[in-house]
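Enquirer: Here it is, the structure in full.
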Amino acid sequence: MSVFHIAWRELASILNTAVGWLVLAGFLVIAGFFWSSMVSFYVTQSTDLLTNPYAGAQMNLSDHLLAPYFGNVAVVLLMICPAISMRLFSEEVRQRTMELLLTAPVSTASIVAGKLLGALGFVALMLASTLHLPLTLMVWGSPDVGVLIGGYASLMLVSATILAMGMMFSAMTANQVVAVVLTFGSALVLWVLGWAGSGDGATAEVLTGLGLLDHVQGFLTGAVKLSDLVYFAAMIGFFSLATHQRVEGYRWR
Amino acid sequence: MPILQVESLTRAYGATVAVRDVSFSVEEGEIVGFLGPNGAGKTSTMRVIAGSLGATQGRVIVGGFDVATQPAAVKRIVGYMPETPPLYVDMTVRSFLRFCARIKAVSDPAGAAERAMRRVGLSEVAHRVIDHLSKGYRQRVGLAAALVHDPRLLILDEPASGLDPKQRVEIRSLVQELAGGHVTVVLSTHVLPEVEQLCTRVIIVNRGRIVAQDRMEALSEPGRVVTVEVRRDAERLAAAIGALDGVTEVEALRPGALRVVGARDLREDVADLAAPFGILELTGRRGLEEAFLRLTRED
């Protein structure tokens, strides 16, 4: 239970600040801009293709609108998540409030899980506020619902991975700027690792496998592999465990 | 069985040993003063008891539970207020205390928060954001947070630090009230009058070790140190006092003023002897201060 109390407080503390609402509003504007420009591009493209009977059949909503849209939103989240996660622990250390959690009958695992869930809750709120965009497609088209669900699921998983990583860095330093820079840098590396796939050989394969991009693809094509799920579980699990060890270490400093 | 047992507790920070082989126990209902100069290891000891710091060596047993192996059970019966109370300043007093009650697994968090606010006199600021409160109120919020789960053992680290004299008195009477309600209190401070008024027992620590622990009356026997200022012939008076039974030290503070240290209450004898010399001032300093200074002297 205490996991949810901690998560709820974390979410409330983000929404208690003007910055929280500004981030939410900014995200809505950017997502809306991507959506409208991509929809109008899709419309012009498909109108052009009407005159080309061969290409017309190859254009569909999933591959030419939804997948690129989710890809773009993922990059935006890549930039926002480090800013959300940077304060998770460093703020507690700086304000000396960690003492409250450490002296409460709450396990370290609950603290870590609660913090991650709270931050993820804010991302869920951001994503939920954009739901109306793809839903308009339901009225004027017939998008693949599986891809829609997969798209949102992949965004949540990518966010959870970056938030967990950011949480780890936040537990390692009381300096939020250091935390945000380390998280953003590492997130960027995880993202571009996917481009290594253009090379060949075992190294390229391993690097691609480590990157986020490769594992997002399955969700956007509606072909989720078990390995993708294992990848995200392992990443989130690893960073959470590292955070757990670090927080346990607070008692031994 | 004592509510708190500390057995050969040692806590080191790297090469620095903050707490060295400290052992003591506290019985239910006591108010124990933890006294010592800054850096004596008071806070480290308290944090180990509260469970936010690990012990390098030794054991701490609270209410029959070992802090190291059953931390959750211990934390449910211990309330801890650090010197700077940990407060989420963006929350209102009420929502903060409800949060504290929830993570401390209280069955009725809302009710517990209201009770805690009534106990420490916060009801009128319940809806205010903690960030906008004065230092005195914040200290009370910290106390309420430590109390919200009705702990059996309350640990207060410098509960009145940074408060004005009026607020200090308020906090002091609050602690007294709590102790009347069968809460055991361990409080650290370096304000001696606070200890004298509140505590039933005193533990004096210096450089990580316990240098004395005794009942309040035994440590603070009045009149063991007397200062006297006379109008004339202070040297002759000094000689006369020095001949008294039980006097261990006579020292000239300034022309006309003497400081006398003895093994018993010397006020009457010194007054009798000094009367013919024209007494300007005579004070029987409380022995606790003397004991404290002597025991914690850096040498």
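Scheme for the structure tokens: letters A, B, ... for chains in order shown; per-chain residue numbers from 1; ligand numbers from 1 in order shown.
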Can you tell me which residues surround Met172 of chain A at a distance of at most 10 Å, considering only C-alpha atoms, apart from same-chain residues fewer than 2 positions away, and format the answer as a VMD selection string?
Expert: chain A and resid 89 to 90 166 to 170 174 to 175 178 to 179 242 to 243 246 to 247
Enquirer: Residues of chain B no more than 10 Å from chain A, counting only C-alpha atoms: send them over as a VMD selection string.
Expert: chain B and resid 11 to 14 47 to 56 70 to 82 84 to 91 95 to 96 98 to 105 142 145 to 146
Enquirer: Limited to C-alpha atoms, could you put the picked residues into a file as a PDB file, in the first residue's frame?
Expert:
```pdb
ATOM      1  CA  ARG B  11      29.256   3.875  14.280  1.00  0.00           C
ATOM      2  CA  ALA B  12      32.156   4.911  12.071  1.00  0.00           C
ATOM      3  CA  TYR B  13      32.178   7.208   9.042  1.00  0.00           C
ATOM      4  CA  GLY B  14      35.214   5.948   7.231  1.00  0.00           C
ATOM      5  CA  ARG B  47      19.540   7.982  13.846  1.00  0.00           C
ATOM      6  CA  VAL B  48      20.674   4.429  14.471  1.00  0.00           C
ATOM      7  CA  ILE B  49      17.823   3.991  16.962  1.00  0.00           C
ATOM      8  CA  ALA B  50      15.345   5.477  14.472  1.00  0.00           C
ATOM      9  CA  GLY B  51      16.625   3.199  11.726  1.00  0.00           C
ATOM     10  CA  SER B  52      17.917   5.731   9.221  1.00  0.00           C
ATOM     11  CA  LEU B  53      21.541   4.880   9.906  1.00  0.00           C
ATOM     12  CA  GLY B  54      23.194   1.495  10.127  1.00  0.00           C
ATOM     13  CA  ALA B  55      25.333   0.490  13.080  1.00  0.00           C
ATOM     14  CA  THR B  56      28.945  -0.446  12.406  1.00  0.00           C
ATOM     15  CA  GLN B  70      13.159  -6.141  12.292  1.00  0.00           C
ATOM     16  CA  PRO B  71      13.338  -2.517  11.190  1.00  0.00           C
ATOM     17  CA  ALA B  72       9.663  -2.190  10.261  1.00  0.00           C
ATOM     18  CA  ALA B  73       8.487  -3.402  13.685  1.00  0.00           C
ATOM     19  CA  VAL B  74      10.808  -0.920  15.379  1.00  0.00           C
ATOM     20  CA  LYS B  75       9.779   1.988  13.164  1.00  0.00           C
ATOM     21  CA  ARG B  76       6.117   1.400  13.955  1.00  0.00           C
ATOM     22  CA  ILE B  77       6.740   2.155  17.644  1.00  0.00           C
ATOM     23  CA  VAL B  78       9.404   4.848  17.275  1.00  0.00           C
ATOM     24  CA  GLY B  79       8.730   8.468  16.429  1.00  0.00           C
ATOM     25  CA  TYR B  80      11.808  10.431  15.368  1.00  0.00           C
ATOM     26  CA  MET B  81      12.201  14.127  14.830  1.00  0.00           C
ATOM     27  CA  PRO B  82      15.602  15.191  13.430  1.00  0.00           C
ATOM     28  CA  THR B  84      15.811  19.864  10.860  1.00  0.00           C
ATOM     29  CA  PRO B  85      12.415  18.209  10.566  1.00  0.00           C
ATOM     30  CA  PRO B  86      11.966  16.454   7.209  1.00  0.00           C
ATOM     31  CA  LEU B  87       9.003  18.268   5.681  1.00  0.00           C
ATOM     32  CA  TYR B  88       7.585  18.280   2.168  1.00  0.00           C
ATOM     33  CA  VAL B  89       7.208  22.035   2.125  1.00  0.00           C
ATOM     34  CA  ASP B  90       4.983  22.086  -0.955  1.00  0.00           C
ATOM     35  CA  MET B  91       2.225  20.262   0.920  1.00  0.00           C
ATOM     36  CA  SER B  95      -2.081  16.578   3.676  1.00  0.00           C
ATOM     37  CA  PHE B  96       1.526  16.170   4.847  1.00  0.00           C
ATOM     38  CA  ARG B  98      -2.001  12.360   6.382  1.00  0.00           C
ATOM     39  CA  PHE B  99       0.813  11.204   4.130  1.00  0.00           C
ATOM     40  CA  CYS B 100       2.992  10.531   7.185  1.00  0.00           C
ATOM     41  CA  ALA B 101       0.170   8.572   8.821  1.00  0.00           C
ATOM     42  CA  ARG B 102      -0.311   6.519   5.645  1.00  0.00           C
ATOM     43  CA  ILE B 103       3.311   5.525   5.189  1.00  0.00           C
ATOM     44  CA  LYS B 104       3.459   4.687   8.885  1.00  0.00           C
ATOM     45  CA  ALA B 105       0.577   2.272   8.305  1.00  0.00           C
ATOM     46  CA  GLY B 142       7.865  17.920  12.557  1.00  0.00           C
ATOM     47  CA  ALA B 145       4.789  13.930  12.079  1.00  0.00           C
ATOM     48  CA  ALA B 146       6.840  12.072  14.682  1.00  0.00           C
TER      49      ALA B 146
END
```
Enquirer: Between B:Ser123, B:Thr189, B:Gln213, B:Asn38, which has the minimum distance to Arg168 of chain B (counting only C-alpha atoms)?
Expert: B:Thr189
Enquirer: Leaving out Gly180 of chain B and any residue of its chain fewer than 5 positions from it, which residues lie within 12 Å of it when counting only C-alpha atoms, given as a list in words?
Expert: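 That gives Glu28, Gly29, Glu30, Ile31, Ser173, Leu174, Val175, Val185 and Leu198 of chain B.
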Enquirer: Next, dump the selected residues to file, keeping only N, CA and C atoms, as a tab-separated table (two decimals), in the first residue's frame.
Expert:
```tsv
chain	number	residue	atom	x	y	z
B	28	GLU	N	10.48	2.35	30.24
B	28	GLU	CA	9.21	2.94	29.79
B	28	GLU	C	8.84	4.12	30.70
B	29	GLY	N	8.44	5.24	30.10
B	29	GLY	CA	7.98	6.38	30.87
B	29	GLY	C	9.06	7.37	31.25
B	30	GLU	N	10.32	7.05	30.99
B	30	GLU	CA	11.39	7.99	31.34
B	30	GLU	C	11.48	9.13	30.33
B	31	ILE	N	12.03	10.24	30.78
B	31	ILE	CA	12.44	11.29	29.83
B	31	ILE	C	13.95	11.40	29.98
B	173	SER	N	6.84	22.47	27.05
B	173	SER	CA	5.64	22.02	27.75
B	173	SER	C	4.92	20.94	26.95
B	174	LEU	N	5.05	21.02	25.61
B	174	LEU	CA	4.48	19.97	24.77
B	174	LEU	C	5.11	18.62	25.09
B	175	VAL	N	6.44	18.62	25.18
B	175	VAL	CA	7.16	17.37	25.47
B	175	VAL	C	6.75	16.85	26.84
B	185	VAL	N	10.51	9.36	26.23
B	185	VAL	CA	11.14	10.38	25.39
B	185	VAL	C	12.66	10.34	25.57
B	198	LEU	N	13.14	19.17	32.16
B	198	LEU	CA	12.36	18.11	31.53
B	198	LEU	C	12.73	16.70	31.97
```
Enquirer: I'd like the neighbourhood of segment 155-164 of chain A as a list of chain:residue names, where a residue qualifies if any of its atoms comes within 8 Å (using only C-alpha atoms), though same-chain residues fewer than 6 positions away should be ignored.
Expert: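 That gives A:Phe70, A:Val73, A:Ala74, A:Leu77, A:Leu78, A:Cys81, A:Pro82, A:Ile84, A:Ser85, A:Leu116, A:Ala119, A:Leu120, A:Val123, A:Ala124, A:Thr183, A:Ala187, A:Leu212, A:Val216, A:Phe232, A:Met235, A:Ile236, A:Phe239, A:Ser240.
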Enquirer: Keeping only N, CA and C atoms, write the selected residues to a file as a PDB file, in the first residue's frame.
Expert:
```pdb
ATOM      1  N   PHE A  70       4.300   8.213 -33.345  1.00  0.00           N
ATOM      2  CA  PHE A  70       4.756   7.675 -32.062  1.00  0.00           C
ATOM      3  C   PHE A  70       6.274   7.790 -31.923  1.00  0.00           C
ATOM      4  N   VAL A  73       6.988  11.347 -30.893  1.00  0.00           N
ATOM      5  CA  VAL A  73       6.611  11.591 -29.502  1.00  0.00           C
ATOM      6  C   VAL A  73       7.623  10.930 -28.563  1.00  0.00           C
ATOM      7  N   ALA A  74       8.117   9.757 -28.973  1.00  0.00           N
ATOM      8  CA  ALA A  74       9.114   9.075 -28.149  1.00  0.00           C
ATOM      9  C   ALA A  74      10.354   9.942 -27.970  1.00  0.00           C
ATOM     10  N   LEU A  77       9.628  12.551 -25.445  1.00  0.00           N
ATOM     11  CA  LEU A  77       9.659  11.968 -24.099  1.00  0.00           C
ATOM     12  C   LEU A  77      11.094  11.725 -23.635  1.00  0.00           C
ATOM     13  N   LEU A  78      11.943  11.392 -24.606  1.00  0.00           N
ATOM     14  CA  LEU A  78      13.362  11.186 -24.312  1.00  0.00           C
ATOM     15  C   LEU A  78      13.962  12.432 -23.676  1.00  0.00           C
ATOM     16  N   CYS A  81      11.578  13.096 -19.952  1.00  0.00           N
ATOM     17  CA  CYS A  81      11.720  12.152 -18.829  1.00  0.00           C
ATOM     18  C   CYS A  81      12.921  12.449 -17.913  1.00  0.00           C
ATOM     19  N   PRO A  82      14.094  12.767 -18.472  1.00  0.00           N
ATOM     20  CA  PRO A  82      15.212  13.076 -17.558  1.00  0.00           C
ATOM     21  C   PRO A  82      14.888  14.241 -16.624  1.00  0.00           C
ATOM     22  N   ILE A  84      11.950  14.923 -15.450  1.00  0.00           N
ATOM     23  CA  ILE A  84      11.016  14.465 -14.409  1.00  0.00           C
ATOM     24  C   ILE A  84      11.768  13.647 -13.355  1.00  0.00           C
ATOM     25  N   SER A  85      12.683  12.803 -13.843  1.00  0.00           N
ATOM     26  CA  SER A  85      13.329  11.860 -12.923  1.00  0.00           C
ATOM     27  C   SER A  85      14.444  12.508 -12.109  1.00  0.00           C
ATOM     28  N   LEU A 116       9.161   5.573  -8.800  1.00  0.00           N
ATOM     29  CA  LEU A 116       9.103   5.297 -10.239  1.00  0.00           C
ATOM     30  C   LEU A 116       7.656   5.380 -10.728  1.00  0.00           C
ATOM     31  N   ALA A 119       6.419   9.025 -10.976  1.00  0.00           N
ATOM     32  CA  ALA A 119       6.937   9.719 -12.160  1.00  0.00           C
ATOM     33  C   ALA A 119       6.260   9.189 -13.415  1.00  0.00           C
ATOM     34  N   LEU A 120       6.063   7.872 -13.445  1.00  0.00           N
ATOM     35  CA  LEU A 120       5.417   7.253 -14.604  1.00  0.00           C
ATOM     36  C   LEU A 120       3.961   7.717 -14.700  1.00  0.00           C
ATOM     37  N   VAL A 123       3.843  10.812 -16.678  1.00  0.00           N
ATOM     38  CA  VAL A 123       3.965  10.539 -18.111  1.00  0.00           C
ATOM     39  C   VAL A 123       2.638   9.998 -18.638  1.00  0.00           C
ATOM     40  N   ALA A 124       1.995   9.125 -17.857  1.00  0.00           N
ATOM     41  CA  ALA A 124       0.701   8.581 -18.266  1.00  0.00           C
ATOM     42  C   ALA A 124      -0.320   9.709 -18.443  1.00  0.00           C
ATOM     43  N   THR A 183      21.384  11.506 -17.368  1.00  0.00           N
ATOM     44  CA  THR A 183      20.242  10.739 -17.849  1.00  0.00           C
ATOM     45  C   THR A 183      19.982  11.004 -19.322  1.00  0.00           C
ATOM     46  N   ALA A 187      20.285   8.323 -22.236  1.00  0.00           N
ATOM     47  CA  ALA A 187      19.070   8.005 -22.994  1.00  0.00           C
ATOM     48  C   ALA A 187      19.322   8.162 -24.490  1.00  0.00           C
ATOM     49  N   LEU A 212      17.137   1.121 -27.620  1.00  0.00           N
ATOM     50  CA  LEU A 212      15.688   1.181 -27.416  1.00  0.00           C
ATOM     51  C   LEU A 212      14.915   1.010 -28.724  1.00  0.00           C
ATOM     52  N   VAL A 216      11.259  -0.957 -29.921  1.00  0.00           N
ATOM     53  CA  VAL A 216      10.023  -0.196 -30.081  1.00  0.00           C
ATOM     54  C   VAL A 216       9.331  -0.623 -31.379  1.00  0.00           C
ATOM     55  N   PHE A 232      12.603  -4.658 -22.025  1.00  0.00           N
ATOM     56  CA  PHE A 232      12.137  -3.545 -21.191  1.00  0.00           C
ATOM     57  C   PHE A 232      12.101  -3.932 -19.718  1.00  0.00           C
ATOM     58  N   MET A 235      15.661  -3.853 -18.435  1.00  0.00           N
ATOM     59  CA  MET A 235      16.197  -2.496 -18.282  1.00  0.00           C
ATOM     60  C   MET A 235      15.609  -1.826 -17.045  1.00  0.00           C
ATOM     61  N   ILE A 236      14.280  -1.859 -16.946  1.00  0.00           N
ATOM     62  CA  ILE A 236      13.615  -1.206 -15.808  1.00  0.00           C
ATOM     63  C   ILE A 236      14.047  -1.880 -14.507  1.00  0.00           C
ATOM     64  N   PHE A 239      17.790  -0.889 -13.564  1.00  0.00           N
ATOM     65  CA  PHE A 239      17.956   0.462 -13.018  1.00  0.00           C
ATOM     66  C   PHE A 239      17.275   0.599 -11.660  1.00  0.00           C
ATOM     67  N   SER A 240      16.133  -0.089 -11.482  1.00  0.00           N
ATOM     68  CA  SER A 240      15.448  -0.027 -10.187  1.00  0.00           C
ATOM     69  C   SER A 240      16.290  -0.697  -9.112  1.00  0.00           C
TER      70      SER A 240
END
```
